[in-house]
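Colleague: input34.pdb is the file, holding PDB, C-alpha atoms:
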```
ATOM      1  CA  MET A 129      20.932 -18.082  58.751
ATOM      2  CA  SER A 130      18.270 -18.497  56.058
ATOM      3  CA  HIS A 131      18.813 -20.016  52.625
ATOM      4  CA  ASP A 132      18.506 -16.555  51.043
ATOM      5  CA  GLU A 133      21.154 -15.130  53.363
ATOM      6  CA  ASP A 134      23.429 -18.095  52.568
ATOM      7  CA  SER A 135      23.054 -17.336  48.859
ATOM      8  CA  VAL A 136      24.037 -13.697  49.349
ATOM      9  CA  ALA A 137      27.105 -14.686  51.377
ATOM     10  CA  ALA A 138      28.117 -17.192  48.704
ATOM     11  CA  GLN A 139      27.841 -14.568  45.983
ATOM     12  CA  LEU A 140      29.921 -12.092  47.950
ATOM     13  CA  SER A 141      32.632 -14.633  48.738
ATOM     14  CA  GLY A 142      33.124 -15.276  45.014
ATOM     15  CA  ILE A 143      33.570 -11.628  44.061
ATOM     16  CA  ASP A 144      36.505  -9.447  45.093
ATOM     17  CA  LEU A 145      34.774  -6.095  45.291
ATOM     18  CA  GLY A 146      38.070  -4.449  46.215
ATOM     19  CA  ASN A 147      40.048  -5.449  43.123
ATOM     20  CA  LEU A 148      40.158  -2.655  40.533
ATOM     21  CA  TYR A 149      41.456  -4.769  37.621
ATOM     22  CA  GLY A 150      38.147  -4.317  35.782
ATOM     23  CA  SER A 151      38.332  -0.517  36.110
ATOM     24  CA  ILE A 152      41.761  -0.162  34.452
ATOM     25  CA  ASP A 153      41.797   1.045  30.843
ATOM     26  CA  LYS A 154      44.310  -1.641  29.926
ATOM     27  CA  SER A 155      44.737  -0.728  26.252
ATOM     28  CA  LYS A 156      45.963   2.747  27.256
ATOM     29  CA  VAL A 157      48.472   1.677  29.912
ATOM     30  CA  HIS A 158      51.943   2.769  28.780
ATOM     31  CA  GLY A 159      55.419   3.360  30.159
ATOM     32  CA  LEU A 160      58.584   5.391  29.815
ATOM     33  CA  ASN A 161      62.073   3.890  29.487
ATOM     34  CA  LEU A 162      61.017   0.295  28.840
ATOM     35  CA  THR A 163      63.090  -2.080  26.722
ATOM     36  CA  VAL A 164      59.789  -2.963  24.981
ATOM     37  CA  PRO A 165      57.182  -0.155  25.283
ATOM     38  CA  GLU A 166      54.232  -2.563  24.979
ATOM     39  CA  ASP A 167      55.401  -4.471  28.054
ATOM     40  CA  ALA A 168      53.706  -1.920  30.314
ATOM     41  CA  GLN A 169      50.350  -3.560  29.553
ATOM     42  CA  ALA A 170      51.740  -6.992  30.505
ATOM     43  CA  LEU A 171      51.979  -5.788  34.123
ATOM     44  CA  ILE A 172      48.199  -5.420  34.394
ATOM     45  CA  LYS A 173      47.089  -8.996  35.020
ATOM     46  CA  PRO A 174      44.053 -10.668  36.591
ATOM     47  CA  TRP A 175      44.580 -11.588  40.222
ATOM     48  CA  ASP A 176      44.883 -15.308  39.448
ATOM     49  CA  GLU A 177      47.837 -14.532  37.134
ATOM     50  CA  ARG A 178      49.697 -12.344  39.628
ATOM     51  CA  ASP A 179      52.542 -14.845  40.056
ATOM     52  CA  ASP A 180      53.140 -15.268  36.326
ATOM     53  CA  THR A 181      56.771 -14.303  35.695
ATOM     54  CA  SER A 182      56.774 -15.031  31.959
ATOM     55  CA  ARG A 183      55.499 -11.504  31.245
ATOM     56  CA  PHE A 184      57.283  -8.512  32.726
ATOM     57  CA  ALA A 185      58.615  -5.015  32.029
ATOM     58  CA  GLU A 186      62.268  -4.050  32.305
ATOM     59  CA  SER A 187      63.921  -0.653  32.200
ATOM     60  CA  GLY A 188      65.992   0.450  29.237
ATOM     61  CA  VAL A 189      68.951   2.807  29.623
ATOM     62  CA  ASP A 190      68.966   3.057  33.450
ATOM     63  CA  ASP A 191      67.065   2.040  36.584
ATOM     64  CA  GLN A 192      64.011   4.276  36.178
ATOM     65  CA  ILE A 193      60.538   3.438  34.853
ATOM     66  CA  ILE A 194      57.307   5.413  34.786
ATOM     67  CA  ILE A 195      54.081   3.457  34.258
ATOM     68  CA  HIS A 196      50.939   5.436  33.387
ATOM     69  CA  VAL A 197      47.698   3.684  34.415
ATOM     70  CA  PRO A 198      44.384   5.269  33.322
ATOM     71  CA  PHE A 199      41.038   4.094  34.686
ATOM     72  CA  THR A 200      37.750   3.783  32.820
ATOM     73  CA  GLN A 201      35.998   5.677  35.634
ATOM     74  CA  ASN A 202      37.010   7.612  38.724
ATOM     75  CA  VAL A 203      38.086   5.328  41.554
ATOM     76  CA  ARG A 204      38.947   5.536  45.238
ATOM     77  CA  LEU A 205      42.239   3.783  45.955
ATOM     78  CA  ARG A 206      43.164   2.028  49.194
ATOM     79  CA  SER A 207      46.337   0.166  48.228
ATOM     80  CA  VAL A 208      48.724  -0.727  45.422
ATOM     81  CA  LEU A 209      49.799  -4.334  44.818
ATOM     82  CA  LEU A 210      53.261  -5.033  43.407
ATOM     83  CA  LYS A 211      55.373  -7.987  42.371
ATOM     84  CA  LEU A 212      58.889  -6.731  41.683
ATOM     85  CA  GLY A 213      62.068  -8.059  40.166
ATOM     86  CA  ARG A 214      64.448  -9.864  42.486
ATOM     87  CA  GLY A 215      68.065  -9.285  43.410
ATOM     88  CA  GLU A 216      69.760  -6.433  41.593
ATOM     89  CA  LEU A 217      66.596  -5.794  39.535
ATOM     90  CA  THR A 218      64.527  -4.796  42.584
ATOM     91  CA  PRO A 219      63.492  -1.106  42.661
ATOM     92  CA  ARG A 220      63.710   0.459  46.109
ATOM     93  CA  ARG A 221      61.670   3.604  45.586
ATOM     94  CA  LEU A 222      58.188   4.343  44.193
ATOM     95  CA  ARG A 223      56.649   7.765  43.737
ATOM     96  CA  ILE A 224      52.925   7.852  42.937
ATOM     97  CA  PHE A 225      51.275  10.764  41.134
ATOM     98  CA  ALA A 226      47.479  10.984  40.873
ATOM     99  CA  ASN A 227      45.715  12.576  37.892
ATOM    100  CA  ARG A 228      48.984  13.745  36.300
ATOM    101  CA  THR A 229      48.466  12.674  32.694
ATOM    102  CA  ASN A 230      50.871  15.381  31.499
ATOM    103  CA  ILE A 231      54.054  13.767  32.905
ATOM    104  CA  VAL A 232      56.071  13.073  29.768
ATOM    105  CA  ASP A 233      59.663  12.716  31.026
ATOM    106  CA  PHE A 234      61.704  11.932  34.114
ATOM    107  CA  SER A 235      63.023  15.440  34.721
ATOM    108  CA  GLU A 236      59.450  16.670  34.994
ATOM    109  CA  ALA A 237      58.591  13.871  37.422
ATOM    110  CA  GLU A 238      61.584  14.807  39.567
ATOM    111  CA  ASP A 239      60.276  18.386  39.858
ATOM    112  CA  ILE A 240      56.733  17.435  40.920
ATOM    113  CA  THR A 241      55.800  16.506  44.486
ATOM    114  CA  PRO A 242      54.137  13.070  44.450
ATOM    115  CA  GLN A 243      51.028  12.193  46.424
ATOM    116  CA  LEU A 244      53.054   9.382  47.968
ATOM    117  CA  ASN A 245      56.737   8.432  48.192
ATOM    118  CA  ILE A 246      57.250   4.778  49.166
ATOM    119  CA  SER A 247      60.347   2.854  50.208
ATOM    120  CA  LEU A 248      59.759  -0.548  48.631
ATOM    121  CA  MET A 249      60.454  -3.794  50.469
ATOM    122  CA  GLU A 250      63.428  -5.862  49.357
ATOM    123  CA  GLY A 251      63.656  -9.621  49.096
ATOM    124  CA  GLU A 252      59.919 -10.231  48.582
ATOM    125  CA  THR A 253      59.066 -13.063  46.170
ATOM    126  CA  GLY A 254      55.291 -12.664  46.073
ATOM    127  CA  VAL A 255      52.869  -9.777  45.688
ATOM    128  CA  THR A 256      53.220  -7.081  48.353
ATOM    129  CA  GLU A 257      50.387  -4.707  49.265
ATOM    130  CA  TYR A 258      51.247  -1.092  50.078
ATOM    131  CA  PRO A 259      48.423   0.881  51.778
ATOM    132  CA  LEU A 260      47.614   4.355  50.457
ATOM    133  CA  ARG A 261      46.199   7.391  52.217
ATOM    134  CA  THR A 262      42.611   7.206  51.000
ATOM    135  CA  ALA A 263      42.124  10.966  51.306
ATOM    136  CA  SER A 264      44.869  11.586  48.737
ATOM    137  CA  PHE A 265      43.458   9.030  46.298
ATOM    138  CA  ALA A 266      39.704   9.496  46.705
ATOM    139  CA  ASN A 267      38.851  10.596  43.155
ATOM    140  CA  VAL A 268      41.435   9.229  40.741
ATOM    141  CA  HIS A 269      41.157   8.882  36.956
ATOM    142  CA  SER A 270      44.820   8.046  36.322
ATOM    143  CA  LEU A 271      48.015   7.157  38.161
ATOM    144  CA  SER A 272      51.657   7.592  37.237
ATOM    145  CA  LEU A 273      54.018   5.241  39.067
ATOM    146  CA  PHE A 274      57.690   6.253  39.073
ATOM    147  CA  PHE A 275      59.953   3.332  40.041
ATOM    148  CA  SER A 276      63.661   3.973  40.644
ATOM    149  CA  ASP A 277      66.789   3.229  42.673
ATOM    150  CA  SER A 278      67.299  -0.452  41.896
ATOM    151  CA  ILE A 279      69.633  -2.476  44.090
ATOM    152  CA  GLY A 280      72.022  -3.078  41.193
ATOM    153  CA  GLY A 281      71.798   0.499  39.952
ATOM    154  CA  ASP A 282      71.646  -0.428  36.261
ATOM    155  CA  SER A 283      68.130  -1.653  35.496
ATOM    156  CA  LEU A 284      64.936  -2.797  37.208
ATOM    157  CA  ARG A 285      62.131  -5.231  36.509
ATOM    158  CA  LEU A 286      58.391  -5.344  37.306
ATOM    159  CA  TYR A 287      56.040  -8.332  37.091
ATOM    160  CA  PHE A 288      52.662  -7.210  38.401
ATOM    161  CA  ILE A 289      50.794  -4.011  39.257
ATOM    162  CA  GLY A 290      47.335  -4.061  40.796
ATOM    163  CA  PHE A 291      45.104  -1.874  42.925
ATOM    164  CA  LYS A 292      42.513  -2.241  45.646
ATOM    165  CA  GLY A 293      39.754   0.257  46.268
ATOM    166  CA  ASP A 294      36.361   0.836  44.761
ATOM    167  CA  SER A 295      34.602   2.559  41.907
ATOM    168  CA  ARG A 296      31.085   3.927  41.709
ATOM    169  CA  SER A 297      29.856   0.856  39.815
ATOM    170  CA  GLN A 298      31.466  -1.520  42.345
ATOM    171  CA  ARG A 299      29.873   0.331  45.272
ATOM    172  CA  LYS A 300      26.502   0.071  43.534
ATOM    173  CA  GLU A 301      27.010  -3.639  42.823
ATOM    174  CA  GLY A 302      27.989  -4.322  46.414
ATOM    175  CA  ALA A 303      24.960  -2.440  47.758
ATOM    176  CA  GLN A 304      22.607  -4.351  45.472
ATOM    177  CA  MET A 305      24.038  -7.728  46.509
ATOM    178  CA  LEU A 306      23.773  -6.828  50.184
ATOM    179  CA  GLU A 307      20.076  -5.999  49.880
ATOM    180  CA  VAL A 308      18.323  -8.843  51.717
ATOM    181  CA  PRO A 309      14.576  -9.312  50.987
ATOM    182  CA  ALA A 310      12.429  -7.737  53.697
ATOM    183  CA  GLU A 311      10.862 -11.049  54.718
ATOM    184  CA  VAL A 312      14.262 -12.537  55.648
ATOM    185  CA  ALA A 313      15.968  -9.408  56.929
ATOM    186  CA  PRO A 314      16.141  -9.486  60.732
ATOM    187  CA  GLY A 315      14.710  -6.371  62.353
ATOM    188  CA  ALA A 316      12.824  -5.288  59.224
ATOM    189  CA  LYS A 317       9.608  -4.614  61.160
ATOM    190  CA  LEU A 318      11.484  -2.598  63.789
ATOM    191  CA  ILE A 319      12.982  -0.370  61.079
ATOM    192  CA  ASP A 320       9.519   0.166  59.604
ATOM    193  CA  ARG A 321       8.173   1.258  63.003
ATOM    194  CA  LEU A 322      11.063   3.671  63.524
ATOM    195  CA  GLN A 323      10.409   5.245  60.137
ATOM    196  CA  GLU A 324       6.739   5.670  61.006
ATOM    197  CA  LYS A 325       7.617   7.424  64.273
ATOM    198  CA  THR A 326       9.978   9.823  62.497
ATOM    199  CA  GLY A 327       7.484  10.666  59.806
ATOM    200  CA  GLY A 328       9.301   8.572  57.193
ATOM    201  CA  GLN A 329      12.481  10.656  57.393
ATOM    202  CA  GLN A 330      15.704   8.835  56.610
ATOM    203  CA  THR A 331      19.174   9.729  57.733
ATOM    204  CA  THR A 332      22.245   8.756  55.732
ATOM    205  CA  ALA A 333      25.491   8.251  57.603
ATOM    206  CA  ARG A 334      28.560   9.590  55.874
TER     207      ARG A 334
END
```
Could you render the structure from this file as structure tokens?

Modeller:
Amino acid sequence: MSHDEDSVAAQLSGIDLGNLYGSIDKSKVHGLNLTVPEDAQALIKPWDERDDTSRFAESGVDDQIIIHVPFTQNVRLRSVLLKLGRGELTPRRLRIFANRTNIVDFSEAEDITPQLNISLMEGETGVTEYPLRTASFANVHSLSLFFSDSIGGDSLRLYFIGFKGDSRSQRKEGAQMLEVPAEVAPGAKLIDRLQEKTGGQQTTAR
């Protein structure tokens, strides 16, 4: 492997192109039925702060919370990352609604069919990743996450919410970093010959 290829690999290893933290409009994240409404934004943390339990959100009058998460650009989601309360504060159910910015109360959320209905794992102490059906979350500008059914039945707690996937800017950044200069790219001359034989036509795989 050449020095230039080593440099590209080093750059890629230091960047998590799948983490969507930078695409979340954090100042507009808000929640329903929180003891402190502003605590919804405390759930959106950088990956290196995912295990911080000093900041969290807890439900108010019962064991239901809705967290609205808008993005600064449309994204394609592959998974949701969660660190939940332990013991009686653990929610057991999560319903995810995509592009439903008009959900304003729990009765409305109960009447709408979610894109995904997840049974959450119990007893986990770290961050758990829940895969999503990419086709259902391919062009998302906001998510509404409806947590409910805590083990204790009275209240629930959340510590961390994150997402993996990609945005248009991340795909562009990744493509630019993967561009290896022609003089070090193996097979570059072969590709040039193939293009000459096909009259310069290019085919894009989708």

Colleague: So that I can check the surroundings of stretch 222-236 of chain A, please list as a PyMOL selection string every protein, DNA and RNA residue that reaches within 9 Å of it, counting all atoms listed in the file and ignoring chain neighbours fewer than 6 positions away.

Modeller: chain A and resi 160+192-194+196+198+242-248+264-265+267-277

Colleague: Using only C-alpha atoms, can you tell me which of A:Val203, A:Ala170, A:Val189, A:Ile152 comes closest to A:Ser283?

Modeller: A:Val189

Colleague: Might you spell out which residues the PyMOL selection byres ((chain A and resi 162) around 10) would select in the displayed file, as a list in words?

Modeller: His158, Gly159, Leu160, Asn161, Thr163, Val164, Pro165, Glu166, Asp167, Ala168, Ala185, Glu186, Ser187, Gly188, Val189, Asp190, Asp191, Gln192, Ile193, Ile194, Ile195, Ser283, Leu284 and Arg285 of chain A

Colleague: At what distance in Å, to one decimal, does atom CA of A:Pro219 lie from atom CA of A:Gly281?

Modeller: 8.9 Å

Colleague: Between A:Arg220, A:Arg183, A:Arg206, A:Arg214, which has the minimum distance to A:Phe291 (counting all atoms listed in the file)?

Modeller: A:Arg206

Colleague: What gap, in Å, lies between atom CA of A:Ile279 and atom CA of A:Lys154?

Modeller: 29.0 Å

Colleague: State, in Å with one decimal place, the distance from atom CA of A:Gly254 to atom CA of A:Phe288.

Modeller: 9.8 Å

Colleague: Please provide the set of residues having any atom within 10 Å of A:Thr253, restricted to all atoms listed in the file, with same-chain residues fewer than 5 positions apart removed, written as a list in words.

Modeller: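 Everything that qualifies: Asp179, Lys211, Leu212, Gly213 and Arg214 of chain A.
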
Colleague: Give as an MDAnalysis selection string the residues that the PyMOL selection byres ((chain A and resi 148) around 10) matches when applied to the coordinates above.

Modeller: chainID A and resid 144:147 149:152 174:175 199 203:205 290:295 298
